[in-house]
Structure formats: structure tokens, C-alpha cells
Amino acid sequence: MIVTIDGPAGAGKSSVAKRLADRLGYDFLDTGAMYRVVALAGLRSGIDWDDADAVAQLVRSVDIRFEDPRILLNGEDVSGAIRANETTVAVRHVADHPDVRQHLVSLQRQFAVGRNLVTEGRDQGTLVFPGAACKFFLNASAQERARRRVADLRVRGQEVPFEDILRQQQRRDDEDRQRPLGGLIMAADALQIDTDGISLDRVVQRLEQIVRRRVEQLAGEPTADSTDNQS
Ligand code: DC
């Protein structure tokens, strides 16, 4: 069973998706982390982001692995480095690139094979797993999301003024929504959850209830075989 969680930056997707996966005993996939790893690799190699061929080569040259809770770039743990503000600012160069998207989407689908999965990003319920059994769209106000990001960076030892984060976030929201391929859109069959002023635990509880209900519902649905037998 695939559960998708999409939404804008700072809506709480990663934390919610991780906890939800733990409670359900499902695997967890943070697709934003994959885009971040490629951006970090590009920053480290001093890539010219305007060189589309070089960016396409970059994504094919990196080895991305998840070793829960760490993410590895060519074997190195980069879980902290990919959250640094420089990486966040650079990530659009890879997220906008069609070859990068195609490659990462293919890795995401491979990862899902044979698993029960909670996956989060921007395009999971629309483009990557349109047939997912349970889809959520997590949202929160721009102010609330920026506050969370400032707090998150502070924990990581980076002090960035709230106004700067708000401005960067506005830009990233616009880029994420306007991206022709894999842009941020709510799937027609997704359930929208507003996380403003609601604790993470409450959000996770609510999602867990909905997923469990869906699992029961699917278990009770006649299979193609049993339908054939009745005719
Ligand atoms: O969720 P995040 O902030 O870690 O994502 C980082 C960037 O990666 C985000 O600005 C847009 C991009 N992204 C994407 O284009 N598609 C995804 N499925 C996930 C993230």
C-alpha cells in the first residue's frame, strides 16, 4: 500500500510522514532529500547550474542511499548537510531539470516495489504514484511554515532572520507551483489537512486513523477473482 503526502515547504510533511510510517510499520521515503542530495553534490563539485548537460550527468553520477534515518551521498552521511540553507537555496536548479526529475522519479518507483510505503514530496500523489491508495496534502500558513524553518535551522546551528526565510520560502513556493513537470498540485483525490496550530501528534493520529480505515476498506473490497466467480 502506498500513502502519499504532498504539500509546500515547511508544512510538516517529513516529520508527519516519518512518524506515520513508524506507527503503521511502513517504510518511509523523503523525496525532497533526494533532490537535496543532488543539489549538494552539485555545490560541492562547483557545477555551472546553467550547463544543462552537466546537471543531467550529475544526477546519474551520484549514488543516493537511505539508511534510516540517515541519507548517504556516495557512501557519506549527508543528512545534516542537505538541510543547510545553501542547499535549500540551490535545490531549484536540480528540481527544475527534466532529466533529474525523470531519474529521481524512476528511483522513487523502484524503491516502492514490494513495500508498504509512506512517501512525501510535491508530486507523489499526482505524477509518481497516481494510483496510491491514500493521498494527503499537508498545508500551513506561510508565517507558520517560516517559523518552523527558522526553528529547524536554529537547532542545526544556523541563525537566519525570519524575514529572509519568509522571502526565500515565498520564492520556493512560487517555483514549486510553477514547475511544469512535477509541480506542486494537490491530487484531485487527496485529502487536504491544515496543520496550523495543530500538534504533530494530532496530525499523525488523524492520518493514521484514515489510513487504517482505508486498509480495512480495501481488504473488504471484492477482488477481480471473486467478482469473476460471482458471474
Ligand atoms: O521537501 P523539501 O523542502 O526537502 O524539498 C526540497 C526541494 O525539492 C523543494 O523545494 C522542491 C523539490 N522537490 C520536488 O521538486 N519534488 C519532490 N517530490 C520533492 C521535493
# chains A, B, ... in the order shown; residues from 1 in each chain; ligands from 1
$ residues_near_ligand --ligand "ligand 1" --cutoff "8 Å" --atoms "only C-alpha atoms and all ligand atoms" --output "PyMOL selection string"
chain A and resi 6+8-10+13-14+30-36+83+88+91-92+95-96+101+120-124+172-173+175-176+179+182-184
$ residues_around --residues "stretch 56-69 of chain A" --least-positions-apart "3" --cutoff "8 Å" --atoms "only C-alpha atoms" --output "list in words"
Met34, Val37, Val38, Ala41, Gly42, Ala52, Asp53, Leu72, Leu73, Asn74, Gly75, His97, Asp99, Val100 and His103 of chain A
$ write_last_selection --atoms "N, CA, C and O atoms" --output "PDB file, in the first residue's frame"
ATOM      1  N   MET A  34      16.147  13.565  -1.701  1.00  0.00           N
ATOM      2  CA  MET A  34      16.866  13.102  -2.906  1.00  0.00           C
ATOM      3  C   MET A  34      17.274  14.303  -3.768  1.00  0.00           C
ATOM      4  O   MET A  34      18.398  14.360  -4.282  1.00  0.00           O
ATOM      5  N   VAL A  37      20.166  16.030  -2.072  1.00  0.00           N
ATOM      6  CA  VAL A  37      21.458  15.344  -2.215  1.00  0.00           C
ATOM      7  C   VAL A  37      22.101  15.714  -3.554  1.00  0.00           C
ATOM      8  O   VAL A  37      23.301  16.005  -3.623  1.00  0.00           O
ATOM      9  N   VAL A  38      21.295  15.732  -4.602  1.00  0.00           N
ATOM     10  CA  VAL A  38      21.846  16.066  -5.922  1.00  0.00           C
ATOM     11  C   VAL A  38      22.332  17.529  -5.920  1.00  0.00           C
ATOM     12  O   VAL A  38      23.401  17.846  -6.455  1.00  0.00           O
ATOM     13  N   ALA A  41      25.609  17.683  -4.097  1.00  0.00           N
ATOM     14  CA  ALA A  41      26.694  17.149  -4.928  1.00  0.00           C
ATOM     15  C   ALA A  41      27.131  18.200  -5.947  1.00  0.00           C
ATOM     16  O   ALA A  41      28.326  18.376  -6.210  1.00  0.00           O
ATOM     17  N   GLY A  42      26.176  18.915  -6.513  1.00  0.00           N
ATOM     18  CA  GLY A  42      26.488  19.961  -7.490  1.00  0.00           C
ATOM     19  C   GLY A  42      27.256  21.111  -6.858  1.00  0.00           C
ATOM     20  O   GLY A  42      28.253  21.602  -7.416  1.00  0.00           O
ATOM     21  N   ALA A  52      23.082  22.561 -18.673  1.00  0.00           N
ATOM     22  CA  ALA A  52      22.042  21.527 -18.516  1.00  0.00           C
ATOM     23  C   ALA A  52      22.617  20.119 -18.674  1.00  0.00           C
ATOM     24  O   ALA A  52      22.202  19.195 -17.974  1.00  0.00           O
ATOM     25  N   ASP A  53      23.600  19.953 -19.581  1.00  0.00           N
ATOM     26  CA  ASP A  53      24.189  18.617 -19.781  1.00  0.00           C
ATOM     27  C   ASP A  53      24.941  18.171 -18.531  1.00  0.00           C
ATOM     28  O   ASP A  53      24.874  17.005 -18.134  1.00  0.00           O
ATOM     29  N   LEU A  72      22.684   8.872   2.475  1.00  0.00           N
ATOM     30  CA  LEU A  72      24.086   8.813   2.081  1.00  0.00           C
ATOM     31  C   LEU A  72      24.276   9.285   0.652  1.00  0.00           C
ATOM     32  O   LEU A  72      23.509   8.908  -0.246  1.00  0.00           O
ATOM     33  N   LEU A  73      25.311  10.100   0.456  1.00  0.00           N
ATOM     34  CA  LEU A  73      25.736  10.519  -0.883  1.00  0.00           C
ATOM     35  C   LEU A  73      27.071   9.837  -1.152  1.00  0.00           C
ATOM     36  O   LEU A  73      28.051  10.111  -0.431  1.00  0.00           O
ATOM     37  N   ASN A  74      27.101   8.939  -2.113  1.00  0.00           N
ATOM     38  CA  ASN A  74      28.308   8.154  -2.400  1.00  0.00           C
ATOM     39  C   ASN A  74      28.919   7.594  -1.113  1.00  0.00           C
ATOM     40  O   ASN A  74      30.131   7.682  -0.893  1.00  0.00           O
ATOM     41  N   GLY A  75      28.066   7.091  -0.249  1.00  0.00           N
ATOM     42  CA  GLY A  75      28.527   6.422   0.979  1.00  0.00           C
ATOM     43  C   GLY A  75      28.730   7.339   2.171  1.00  0.00           C
ATOM     44  O   GLY A  75      28.923   6.872   3.293  1.00  0.00           O
ATOM     45  N   HIS A  97      15.089  20.559 -13.464  1.00  0.00           N
ATOM     46  CA  HIS A  97      15.714  19.896 -14.607  1.00  0.00           C
ATOM     47  C   HIS A  97      14.958  18.610 -14.966  1.00  0.00           C
ATOM     48  O   HIS A  97      14.903  17.677 -14.148  1.00  0.00           O
ATOM     49  N   ASP A  99      15.584  15.947 -16.782  1.00  0.00           N
ATOM     50  CA  ASP A  99      16.319  14.667 -16.684  1.00  0.00           C
ATOM     51  C   ASP A  99      16.515  14.254 -15.225  1.00  0.00           C
ATOM     52  O   ASP A  99      16.461  13.078 -14.891  1.00  0.00           O
ATOM     53  N   VAL A 100      16.777  15.253 -14.389  1.00  0.00           N
ATOM     54  CA  VAL A 100      16.946  14.952 -12.959  1.00  0.00           C
ATOM     55  C   VAL A 100      15.641  14.385 -12.420  1.00  0.00           C
ATOM     56  O   VAL A 100      15.616  13.356 -11.747  1.00  0.00           O
ATOM     57  N   HIS A 103      14.968  10.828 -13.620  1.00  0.00           N
ATOM     58  CA  HIS A 103      15.841   9.860 -12.954  1.00  0.00           C
ATOM     59  C   HIS A 103      15.369   9.601 -11.519  1.00  0.00           C
ATOM     60  O   HIS A 103      15.259   8.453 -11.087  1.00  0.00           O
TER      61      HIS A 103
END
$ select_by_dssp --residues "stretch 22-150 of chain A" --states "alpha helix (DSSP H)" --output "PyMOL selection string"
chain A and resi 22-24+31-45+52-61+85-95+98-112+142-150
$ closest_residue --among "A:Ser106, A:Thr87, A:Thr119, A:Gln158" --to "A:Thr4" --atoms "only C-alpha atoms"
A:Thr119
$ closest_residue --among "A:Ile198, A:Leu218, A:Met1, A:Val94" --to "A:Ala39" --atoms "only C-alpha atoms"
A:Val94
$ select_by_dssp --residues "stretch 35-220 of chain A" --states "strand (DSSP E or B)" --output "list in words"
Ile64, Arg65, Phe66, Glu67, Arg70, Ile71, Leu72, Leu73, Glu76, Asp77, Leu117, Val118, Thr119, Glu120, Gly121, Cys134, Lys135, Phe136, Phe137, Leu138, Asn139, Leu191, Gln192, Ile193 and Asp194 of chain A
$ atom_distance --atom1 "atom CA of A:Gly220" --atom2 "atom CA of A:Asp22"
24.4 Å
$ closest_residue --among "A:Ala84, A:Val211, A:Ile193, A:Ile185" --to "A:Ala21" --atoms "only C-alpha atoms"
A:Val211
$ closest_residue --among "A:Arg148, A:Arg109, A:Arg23, A:Lys18" --to "A:Gln205" --atoms "only C-alpha atoms"
A:Arg23
$ residues_around --residues "stretch 128-138 of chain A" --least-positions-apart "2" --cutoff "6 Å" --atoms "only C-alpha atoms" --output "PyMOL selection string"
chain A and resi 2-7+11+124-126+190-193
$ write_last_selection --atoms "N, CA, C and O atoms" --output "PDB file, in the first residue's frame"
ATOM      1  N   ILE A   2       0.517   2.200  -0.827  1.00  0.00           N
ATOM      2  CA  ILE A   2       1.294   3.447  -0.907  1.00  0.00           C
ATOM      3  C   ILE A   2       0.456   4.587  -0.312  1.00  0.00           C
ATOM      4  O   ILE A   2      -0.703   4.781  -0.688  1.00  0.00           O
ATOM      5  N   VAL A   3       1.081   5.343   0.598  1.00  0.00           N
ATOM      6  CA  VAL A   3       0.464   6.541   1.158  1.00  0.00           C
ATOM      7  C   VAL A   3       1.309   7.722   0.705  1.00  0.00           C
ATOM      8  O   VAL A   3       2.525   7.729   0.929  1.00  0.00           O
ATOM      9  N   THR A   4       0.696   8.703   0.055  1.00  0.00           N
ATOM     10  CA  THR A   4       1.469   9.862  -0.395  1.00  0.00           C
ATOM     11  C   THR A   4       1.112  11.084   0.451  1.00  0.00           C
ATOM     12  O   THR A   4      -0.051  11.286   0.808  1.00  0.00           O
ATOM     13  N   ILE A   5       2.144  11.877   0.748  1.00  0.00           N
ATOM     14  CA  ILE A   5       1.932  13.141   1.467  1.00  0.00           C
ATOM     15  C   ILE A   5       2.649  14.229   0.679  1.00  0.00           C
ATOM     16  O   ILE A   5       3.880  14.243   0.590  1.00  0.00           O
ATOM     17  N   ASP A   6       1.891  15.110   0.076  1.00  0.00           N
ATOM     18  CA  ASP A   6       2.466  16.233  -0.654  1.00  0.00           C
ATOM     19  C   ASP A   6       2.101  17.536   0.055  1.00  0.00           C
ATOM     20  O   ASP A   6       1.211  17.568   0.914  1.00  0.00           O
ATOM     21  N   GLY A   7       2.791  18.602  -0.335  1.00  0.00           N
ATOM     22  CA  GLY A   7       2.476  19.907   0.246  1.00  0.00           C
ATOM     23  C   GLY A   7       3.668  20.832   0.130  1.00  0.00           C
ATOM     24  O   GLY A   7       4.766  20.405  -0.261  1.00  0.00           O
ATOM     25  N   ALA A  11       5.368  22.504   5.677  1.00  0.00           N
ATOM     26  CA  ALA A  11       4.020  22.124   6.140  1.00  0.00           C
ATOM     27  C   ALA A  11       4.087  21.000   7.170  1.00  0.00           C
ATOM     28  O   ALA A  11       3.065  20.610   7.731  1.00  0.00           O
ATOM     29  N   GLN A 124       4.071  13.341  -5.404  1.00  0.00           N
ATOM     30  CA  GLN A 124       3.936  11.905  -5.144  1.00  0.00           C
ATOM     31  C   GLN A 124       2.534  11.380  -5.474  1.00  0.00           C
ATOM     32  O   GLN A 124       2.378  10.313  -6.047  1.00  0.00           O
ATOM     33  N   GLY A 125       1.527  12.155  -5.117  1.00  0.00           N
ATOM     34  CA  GLY A 125       0.156  11.702  -5.375  1.00  0.00           C
ATOM     35  C   GLY A 125      -0.333  12.009  -6.787  1.00  0.00           C
ATOM     36  O   GLY A 125      -1.331  11.461  -7.236  1.00  0.00           O
ATOM     37  N   THR A 126       0.388  12.864  -7.473  1.00  0.00           N
ATOM     38  CA  THR A 126      -0.046  13.257  -8.821  1.00  0.00           C
ATOM     39  C   THR A 126       0.734  12.500  -9.890  1.00  0.00           C
ATOM     40  O   THR A 126       0.177  11.702 -10.631  1.00  0.00           O
ATOM     41  N   ALA A 190      -6.873  13.703  -3.212  1.00  0.00           N
ATOM     42  CA  ALA A 190      -6.125  13.838  -1.947  1.00  0.00           C
ATOM     43  C   ALA A 190      -6.999  14.536  -0.902  1.00  0.00           C
ATOM     44  O   ALA A 190      -7.874  15.332  -1.244  1.00  0.00           O
ATOM     45  N   LEU A 191      -6.698  14.236   0.345  1.00  0.00           N
ATOM     46  CA  LEU A 191      -7.401  14.904   1.448  1.00  0.00           C
ATOM     47  C   LEU A 191      -6.498  16.015   1.971  1.00  0.00           C
ATOM     48  O   LEU A 191      -5.333  15.762   2.313  1.00  0.00           O
ATOM     49  N   GLN A 192      -7.006  17.248   2.013  1.00  0.00           N
ATOM     50  CA  GLN A 192      -6.178  18.361   2.483  1.00  0.00           C
ATOM     51  C   GLN A 192      -6.248  18.477   4.002  1.00  0.00           C
ATOM     52  O   GLN A 192      -7.332  18.458   4.577  1.00  0.00           O
ATOM     53  N   ILE A 193      -5.068  18.598   4.633  1.00  0.00           N
ATOM     54  CA  ILE A 193      -5.005  18.728   6.093  1.00  0.00           C
ATOM     55  C   ILE A 193      -4.248  20.018   6.402  1.00  0.00           C
ATOM     56  O   ILE A 193      -3.092  20.174   5.982  1.00  0.00           O
TER      57      ILE A 193
END
$ closest_residue --among "A:Phe28, A:Ala140, A:Ala90, A:Val118" --to "A:Gly46" --atoms "only C-alpha atoms"
A:Ala90
$ atom_distance --atom1 "atom CA of A:Pro180" --atom2 "atom CA of A:Pro98"
9.3 Å
$ atom_distance --atom1 "atom CA of A:Ala81" --atom2 "atom CA of A:Ser45"
14.4 Å
$ closest_residue --among "A:Ala112, A:Ile71, A:Arg145, A:Glu221" --to "A:Asp27" --atoms "only C-alpha atoms"
A:Ala112
